[in-house]
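First comes the structure, then the notes that go with it.
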Amino acid sequence: MDKSIAKGLSDKFYEKRKATALELEKLVKKCVIEGDYVRVDKIIDELCRDYAYTLHQPMARNAGLMGLAAAAIALGTNNVGRYLDRILPPVLACFGDQNDQVRFYACESLYNIAKIAKGEILVFFNEVFDVLCKVSADSENSVRGAAELLDRLIKDIVAERASNYVSVVNNSPRDVPPSVTGDVVTGNVYQNEYPQDNELAFSLPNFIPLLTERIYAINPDTRVFLVDWLKVLLNTPGLELISFLPSFLGGLFTFLGDSHKDVGTATHALLDLLLHEVDRITTLQSEIKKRQLERQRTLESKMDVPSKKIDGALIAEKKKTLMNALGKLTSDQTQVSVDNTSQQEELRREIAEGQEELTELEHGSVYTRDGDEYIPGQDIHLDFPDIIDILVNNLASSEAEIQLVALHWIKAILKLSPDDFVPLLSKILSLLLKLLSDPDSRISESAQYVNEKLVKLCNDYDHQKDPHVIAYGSIVNSLTLQFFDSKVDAKIACLDWLLLIYQKAPNQILEHNDSMFLTLLKSLSDEDSRLIEKALSLLSSLCSDSNDNYIRKFLQDFLTLLKRDSRLLKTRANSIMRQICARLSPERIYKEISPLLDPSDDVIFVRMMIQILCTNLLTASEVSSLRKKLRNGDDGMFFNTLFKSWCYNPVSVISLCLVSENYELAYSVLQAYVNYDLTLNDLVQLDVLVQLLESPVFIRLRLQLLEQQRFPFLHKSLYGILMILPQSKAFDILNRRLNSVNNWTGQSFSGNTLYKERNSNSSLGLNGEMDASTRSVSQSPLHHQELLDTFNNVCETESPSLIYTDVYGSELPFLSSVPNARKESRQSVVPSARKNSSSSNLGHSGNEDSTDTSSVIFRSNATSGLTGRLSGKLKRLSGT
């Protein structure tokens, strides 16, 4: 440069520097006209070295920036592209200067360079975009204002040229042939005799890594800048930004949580555009595929070939068919008469149409839209699995807005590509089900909709296509883990999914039986009726088709749970047992659970469970089939199993004998049991049993009292109970019942009875009729004695003076837990004790929950229940 120019560029006054820059522009332009590119190189090197790269000298850097811009303008559109790799680096370096004036002039300089370079600036788009991203959040308003002007110019260049601009070859200007021409309007450079690279100046694949890095910026101004640029790139034809959606979609979702309203508004608008583009592309590709299949079928019908996929072999076959048809037409022309001319013309038209169809198959179908032979989006690949993975991750966000938008996207993509959700079901459900109980109704309703669609998708999915695509085991583990930390709605959805998985892949459920049992037991112990109903449905499905080992394992875990949770045992155990029996076969449940009652571990718990089983047997409508089977004596071995397991609760054994009409055995048990000390709890249970004898379950037994000759041991058993009971209300009830039939004693009646006789081939009574009272349990006196021996052994093993107590330390009657019957029970069993004790001592358990649905005793107007627990005072009184 001339010394005057060098001095003028360093002047402290802007006007003088501007005038000097104009002189420099004239100098460089003169050198270009004269072809003196050596001097141009020296001028640019001097501007970079002595001015633009001088650190801590703002005035020098400003001069260098102004000089480089002037040199670029002088070089013009046709030549500046060859020098951009030397001009742009120092200009871009000035964007990081601490002086805000330098940054301002850097924006101004780059603006002038880009304005003259136009499409050539796209070669350095990543570098330009990077500095723009930084200055968009600059602390100085003047710098931000200049950056906005520069940003607007770069956006215009990208929108106009990014999809088709090819850069000028960066060779030495001396080697450029004279045939180079430029278009004044567009600025494009055409070279007729010189080879050039056909790659576009702008490369979206090269830009995406930089965008992925910047998309997680925190500054709100930078976020708005990025959103605006994504809109520009999305709306630029031919760039196909949507192909790289997974690269920046996650970052956009973080923008939704920004506290600045402008960021959220702009991001919402962009996400709507992106989702609309995804929907458009998917719909378009689906229509194109459908049309191709229709054309394939049409062509195959014309060519009379079997339906196959469109591949190279099929195209070759169609070519061969066409050639054969053409050869046939040629040979026929020499043989056919003039009358066949119309047929030949028709054949020619068909062959021509076939050739057109074949061309479309080979080169792809050509469509028109607005006069263009291309439909944007027809070749775009959308990576739905990655998109879905990003959406699912955002379901775990703490921001409600992010969750809502993620659910909205999931609902939309479920319609477009549902099969891509199948491999991700485990991850989706682990997050989605939590939202079912979200306090925000918008989120919970959207989550419910998505869950229903996923259930339908899994139910309709063709598992024969790929049986291993759904990781059922992982889903089961995810659901069971999710179950324990969820609310009721989520728990119900978990059970729905487990039931669906069992229907699709039962082995996967059975392999995870430990976690399944915990889930079911947790559900059954819940207070929500919907959850209990779902759990019972699942339990019914699991146990109806599985073997007894599975049921036995469930019942064992159920007993363990009750043993650990005393409150659940007290309040819900009876109700749960009834509901289990309602869903499954009560005989199956009783047969499997009775041998599991091991007294060596906890005899008190065993007696309480026997009480629950016995009470259900005597009162629950769900067990009516089992009562009928026991009365009919259809399975003696089953009775033996129950008898031996229930020996630890003698009154329950007596009740079992009465309901099964084994009266002789009941009387034998009474005779054996009185050899041991009876406790107050035994008397309470007998009191309850007496009142149950007045219930509808024992109508048959009460009718049999009219036939004393046929059922002598029934009378003996009831009188035995009467003799054991103290003179109380229960004593009066039973006494009145027995006295009412004394007038019939000794009378015999012939004819049919009012009830159906038991099926038996045992001993016969008078007149050759079967005597049910003398019939032993399994049709053999030996078995009868065996059961009595078992009972005696149990009684001898257990301490006869043991008082059955619950975990709260109070005495527990095993046939009643009705709270409002305690007072009546105390009065009935120990009437004299009540007179001698204060009311305060007898009010021990008055605060029990009166809404307990698991009451052991069924109460009606005809029957009154008894005590739930005896107080410590009552125990001391009974001991005296």
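Labels used: A, B, ... for chains in the order of the structure tokens, numbers from 1 for residues in each chain, and numbers from 1 for ligands as shown.
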What's around A:Ala19 at 9 Å? Count only C-alpha atoms, leave out sequence neighbours fewer than 4 positions away in its own chain, and write the answer as a short mmCIF file (atom, residue, chain, number, x, y, z; two decimals) with N, CA, C and O atoms, in the first residue's frame.
data_model
loop_
_atom_site.label_atom_id
_atom_site.label_comp_id
_atom_site.auth_asym_id
_atom_site.auth_seq_id
_atom_site.Cartn_x
_atom_site.Cartn_y
_atom_site.Cartn_z
N GLY A 8 -3.52 6.99 6.45
CA GLY A 8 -4.92 7.38 6.53
C GLY A 8 -5.78 6.33 7.23
O GLY A 8 -6.74 6.66 7.94
N LEU A 9 -5.44 5.07 7.03
CA LEU A 9 -6.22 4.01 7.68
C LEU A 9 -6.05 4.04 9.20
O LEU A 9 -6.94 3.60 9.93
N TYR A 14 -12.94 8.87 11.96
CA TYR A 14 -13.62 7.88 11.11
C TYR A 14 -13.73 8.36 9.67
O TYR A 14 -13.55 7.57 8.73
N GLU A 15 -14.04 9.65 9.45
CA GLU A 15 -14.23 10.15 8.10
C GLU A 15 -12.95 10.04 7.28
O GLU A 15 -13.00 9.69 6.08
N GLU A 23 -9.83 5.19 -1.29
CA GLU A 23 -8.61 5.24 -2.10
C GLU A 23 -8.02 3.83 -2.24
O GLU A 23 -7.53 3.45 -3.32
N LEU A 24 -8.04 3.08 -1.15
CA LEU A 24 -7.53 1.71 -1.22
C LEU A 24 -8.36 0.86 -2.17
O LEU A 24 -7.83 0.04 -2.92
#
Residues near A:Glu127, anyone? I mean within 12 Å using only C-alpha atoms, not counting same-chain ones fewer than 4 positions away, as a list in words.
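Selected residues are Asp85, Leu88, Pro89, Pro90, Val91, Leu92, Ala93, Phe95, Leu110, Ile121, Leu122, Val123, Val131, Leu132, Cys133, Lys134, Asn206, Phe207, Leu210 and Leu211 of chain A.
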Between atom CA of A:Leu539 and atom CA of A:Phe643, distance in Å (one decimal):
27.3 Å
Compile the contact shell of A:Val278 as an NGL selection string: residues with an atom at most 12 Å away, counting only C-alpha atoms, same-chain residues fewer than 6 positions apart removed.
:A and (234 or 240-246 or 271-272 or 284-285 or 376-378 or 380-384 or 387 or 409 or 412-413 or 415-417)
Excluding stretch 697-704 of chain A and any residue of its chain fewer than 4 positions from it, enumerate the residues within 10 Å of it, using only C-alpha atoms, and give them as an MDAnalysis selection string.
chainID A and resid 617:621 624 627 631 658:661 692:693 708:712 714:715 737:738 741 753:756
I need the alpha helix (DSSP H) residues of stretch 516-617 of chain A per DSSP on the backbone, written as a count of residues only.
83
Using only C-alpha atoms, which residues sit within 7 Å of stretch 577-592 of chain A once same-chain residues fewer than 2 positions away are excluded, as an MDAnalysis selection string?
chainID A and resid 536 540 552 573:575 594:595 616 620 622:623 626 638
Could the residues in this selection be saved with all heavy atoms as an mmCIF file, in the first residue's frame?
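Dumped to selection.cif:
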data_model
loop_
_atom_site.group_PDB
_atom_site.id
_atom_site.type_symbol
_atom_site.label_atom_id
_atom_site.label_comp_id
_atom_site.auth_asym_id
_atom_site.auth_seq_id
_atom_site.Cartn_x
_atom_site.Cartn_y
_atom_site.Cartn_z
ATOM 1 N N LEU A 536 -57.492 -58.905 40.743
ATOM 2 C CA LEU A 536 -58.171 -60.194 40.750
ATOM 3 C C LEU A 536 -58.347 -60.735 39.337
ATOM 4 O O LEU A 536 -58.262 -61.949 39.106
ATOM 5 C CB LEU A 536 -59.528 -60.053 41.442
ATOM 6 C CG LEU A 536 -59.482 -59.827 42.953
ATOM 7 C CD1 LEU A 536 -60.857 -59.495 43.486
ATOM 8 C CD2 LEU A 536 -58.917 -61.040 43.662
ATOM 9 N N SER A 540 -56.811 -64.164 38.289
ATOM 10 C CA SER A 540 -57.663 -65.199 37.713
ATOM 11 C C SER A 540 -57.076 -65.725 36.415
ATOM 12 O O SER A 540 -57.058 -66.933 36.158
ATOM 13 C CB SER A 540 -59.070 -64.643 37.477
ATOM 14 O OG SER A 540 -59.887 -65.587 36.847
ATOM 15 N N ARG A 552 -49.721 -72.159 44.371
ATOM 16 C CA ARG A 552 -49.151 -72.434 45.689
ATOM 17 C C ARG A 552 -48.099 -71.379 46.058
ATOM 18 O O ARG A 552 -48.028 -70.918 47.197
ATOM 19 C CB ARG A 552 -48.526 -73.828 45.701
ATOM 20 C CG ARG A 552 -48.136 -74.322 47.091
ATOM 21 C CD ARG A 552 -47.591 -75.731 47.035
ATOM 22 N NE ARG A 552 -48.569 -76.649 46.475
ATOM 23 C CZ ARG A 552 -48.427 -77.301 45.312
ATOM 24 N NH1 ARG A 552 -47.313 -77.114 44.598
ATOM 25 N NH2 ARG A 552 -49.352 -78.115 44.859
ATOM 26 N N ALA A 573 -57.686 -59.384 55.326
ATOM 27 C CA ALA A 573 -57.385 -60.761 54.942
ATOM 28 C C ALA A 573 -58.641 -61.534 54.567
ATOM 29 O O ALA A 573 -58.682 -62.247 53.560
ATOM 30 C CB ALA A 573 -56.635 -61.476 56.075
ATOM 31 N N ASN A 574 -59.691 -61.392 55.376
ATOM 32 C CA ASN A 574 -60.922 -62.132 55.119
ATOM 33 C C ASN A 574 -61.557 -61.717 53.791
ATOM 34 O O ASN A 574 -62.009 -62.542 53.008
ATOM 35 C CB ASN A 574 -61.889 -61.911 56.277
ATOM 36 C CG ASN A 574 -62.971 -62.954 56.325
ATOM 37 O OD1 ASN A 574 -62.674 -64.146 56.279
ATOM 38 N ND2 ASN A 574 -64.210 -62.525 56.412
ATOM 39 N N SER A 575 -61.581 -60.406 53.561
ATOM 40 C CA SER A 575 -62.160 -59.896 52.313
ATOM 41 C C SER A 575 -61.353 -60.365 51.110
ATOM 42 O O SER A 575 -61.917 -60.744 50.070
ATOM 43 C CB SER A 575 -62.209 -58.372 52.367
ATOM 44 O OG SER A 575 -62.660 -57.854 51.143
ATOM 45 N N SER A 594 -54.284 -74.847 52.681
ATOM 46 C CA SER A 594 -54.327 -75.549 53.970
ATOM 47 C C SER A 594 -53.009 -76.217 54.320
ATOM 48 O O SER A 594 -52.523 -76.093 55.457
ATOM 49 C CB SER A 594 -55.470 -76.569 53.969
ATOM 50 O OG SER A 594 -56.716 -75.905 53.894
ATOM 51 N N PRO A 595 -52.357 -76.932 53.389
ATOM 52 C CA PRO A 595 -51.061 -77.539 53.763
ATOM 53 C C PRO A 595 -49.960 -76.510 54.014
ATOM 54 O O PRO A 595 -48.925 -76.855 54.591
ATOM 55 C CB PRO A 595 -50.728 -78.410 52.535
ATOM 56 C CG PRO A 595 -52.027 -78.622 51.832
ATOM 57 C CD PRO A 595 -52.804 -77.385 52.052
ATOM 58 N N ASN A 616 -65.161 -68.070 56.285
ATOM 59 C CA ASN A 616 -65.584 -67.970 54.885
ATOM 60 C C ASN A 616 -66.351 -69.213 54.453
ATOM 61 O O ASN A 616 -67.316 -69.129 53.691
ATOM 62 C CB ASN A 616 -64.368 -67.759 53.974
ATOM 63 C CG ASN A 616 -63.899 -66.326 53.976
ATOM 64 O OD1 ASN A 616 -64.682 -65.414 54.195
ATOM 65 N ND2 ASN A 616 -62.616 -66.122 53.741
ATOM 66 N N ALA A 620 -69.543 -67.225 53.565
ATOM 67 C CA ALA A 620 -69.353 -66.517 52.298
ATOM 68 C C ALA A 620 -70.121 -67.197 51.167
ATOM 69 O O ALA A 620 -70.074 -68.425 51.002
ATOM 70 C CB ALA A 620 -67.866 -66.452 51.950
ATOM 71 N N GLU A 622 -69.327 -66.841 48.148
ATOM 72 C CA GLU A 622 -68.338 -67.258 47.143
ATOM 73 C C GLU A 622 -67.887 -68.699 47.336
ATOM 74 O O GLU A 622 -67.318 -69.298 46.418
ATOM 75 C CB GLU A 622 -67.111 -66.329 47.208
ATOM 76 C CG GLU A 622 -67.380 -64.895 46.820
ATOM 77 C CD GLU A 622 -67.907 -64.054 47.966
ATOM 78 O OE1 GLU A 622 -68.168 -64.628 49.055
ATOM 79 O OE2 GLU A 622 -68.049 -62.837 47.783
ATOM 80 N N VAL A 623 -68.118 -69.268 48.531
ATOM 81 C CA VAL A 623 -67.640 -70.620 48.841
ATOM 82 C C VAL A 623 -68.808 -71.596 48.879
ATOM 83 O O VAL A 623 -68.683 -72.721 49.382
ATOM 84 C CB VAL A 623 -66.881 -70.616 50.187
ATOM 85 C CG1 VAL A 623 -66.031 -71.871 50.348
ATOM 86 C CG2 VAL A 623 -65.977 -69.398 50.304
ATOM 87 N N LEU A 626 -68.157 -75.055 47.476
ATOM 88 C CA LEU A 626 -67.342 -75.910 48.327
ATOM 89 C C LEU A 626 -68.178 -76.515 49.453
ATOM 90 O O LEU A 626 -68.023 -77.693 49.804
ATOM 91 C CB LEU A 626 -66.163 -75.110 48.889
ATOM 92 C CG LEU A 626 -65.191 -75.875 49.778
ATOM 93 C CD1 LEU A 626 -64.612 -77.076 49.052
ATOM 94 C CD2 LEU A 626 -64.075 -74.945 50.253
ATOM 95 N N PHE A 638 -60.166 -84.778 50.243
ATOM 96 C CA PHE A 638 -60.130 -83.325 50.410
ATOM 97 C C PHE A 638 -60.540 -82.943 51.827
ATOM 98 O O PHE A 638 -59.936 -82.097 52.473
ATOM 99 C CB PHE A 638 -61.043 -82.660 49.379
ATOM 100 C CG PHE A 638 -61.200 -81.177 49.553
ATOM 101 C CD1 PHE A 638 -60.090 -80.350 49.563
ATOM 102 C CD2 PHE A 638 -62.455 -80.612 49.717
ATOM 103 C CE1 PHE A 638 -60.226 -78.975 49.730
ATOM 104 C CE2 PHE A 638 -62.602 -79.254 49.885
ATOM 105 C CZ PHE A 638 -61.479 -78.429 49.894
#
Would you work out the distance separating atom CA of A:Ser259 from atom CA of A:Pro220, expressed in Å to one decimal?
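Between atom CA of A:Ser259 and atom CA of A:Pro220 the gap is 8.7 Å.
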Contact residues around A:Phe713 with only C-alpha atoms at 12 Å, ignoring same-chain residues under 3 positions, as a PyMOL selection string
chain A and resi 657-658+661-671+701+704-705+707-710+716-720+771-776
A:Ile388 environment, 12 Å, only C-alpha atoms, sequence neighbours closer than 3 positions dropped, as a PyMOL selection string:
chain A and resi 245-246+249-250+382-385+391-395+406-414+416-425+427-428
Write out the residues from the selection above, keeping C-alpha atoms, as a compact mmCIF listing (two decimals), in the first residue's frame.
# COMPACT_ATOMS: atom_id res chain seq x y z
CA LEU A 245 -34.40 -33.61 13.08
CA PRO A 246 -32.99 -35.88 15.85
CA LEU A 249 -34.99 -31.75 18.49
CA GLY A 250 -33.81 -32.46 22.04
CA LEU A 382 -37.05 -39.73 8.92
CA ASP A 383 -35.37 -41.57 11.78
CA PHE A 384 -38.49 -42.19 13.85
CA PRO A 385 -36.80 -44.42 16.48
CA LEU A 391 -39.68 -37.51 22.99
CA VAL A 392 -39.77 -40.24 25.62
CA ASN A 393 -36.79 -38.74 27.43
CA ASN A 394 -38.63 -35.43 27.65
CA LEU A 395 -41.57 -37.11 29.39
CA ALA A 406 -43.74 -34.30 24.02
CA LEU A 407 -47.10 -36.04 24.46
CA HIS A 408 -48.51 -34.06 21.54
CA TRP A 409 -45.67 -35.23 19.31
CA ILE A 410 -46.02 -38.81 20.49
CA LYS A 411 -49.74 -38.78 19.67
CA ALA A 412 -48.99 -37.47 16.18
CA ILE A 413 -46.21 -39.95 15.44
CA LEU A 414 -48.31 -42.83 16.75
CA LEU A 416 -47.71 -41.92 11.30
CA SER A 417 -45.36 -44.72 12.33
CA PRO A 418 -46.82 -46.83 15.14
CA ASP A 419 -44.54 -49.85 14.66
CA ASP A 420 -41.48 -47.81 15.65
CA PHE A 421 -42.88 -47.56 19.17
CA VAL A 422 -42.92 -51.31 19.70
CA PRO A 423 -39.20 -51.83 20.51
CA LEU A 424 -39.29 -48.88 22.93
CA LEU A 425 -42.36 -49.92 24.91
CA LYS A 427 -38.83 -47.25 28.25
CA ILE A 428 -42.02 -45.46 27.23
One number please: atom CA of A:Lys629 to atom CA of A:Gln611, in Å, one decimal.
20.1 Å
Of the candidates A:Asp41, A:Asp130, A:Asp100, A:Asp732, which one gets nearest to A:Leu226 if we count only C-alpha atoms?
A:Asp130
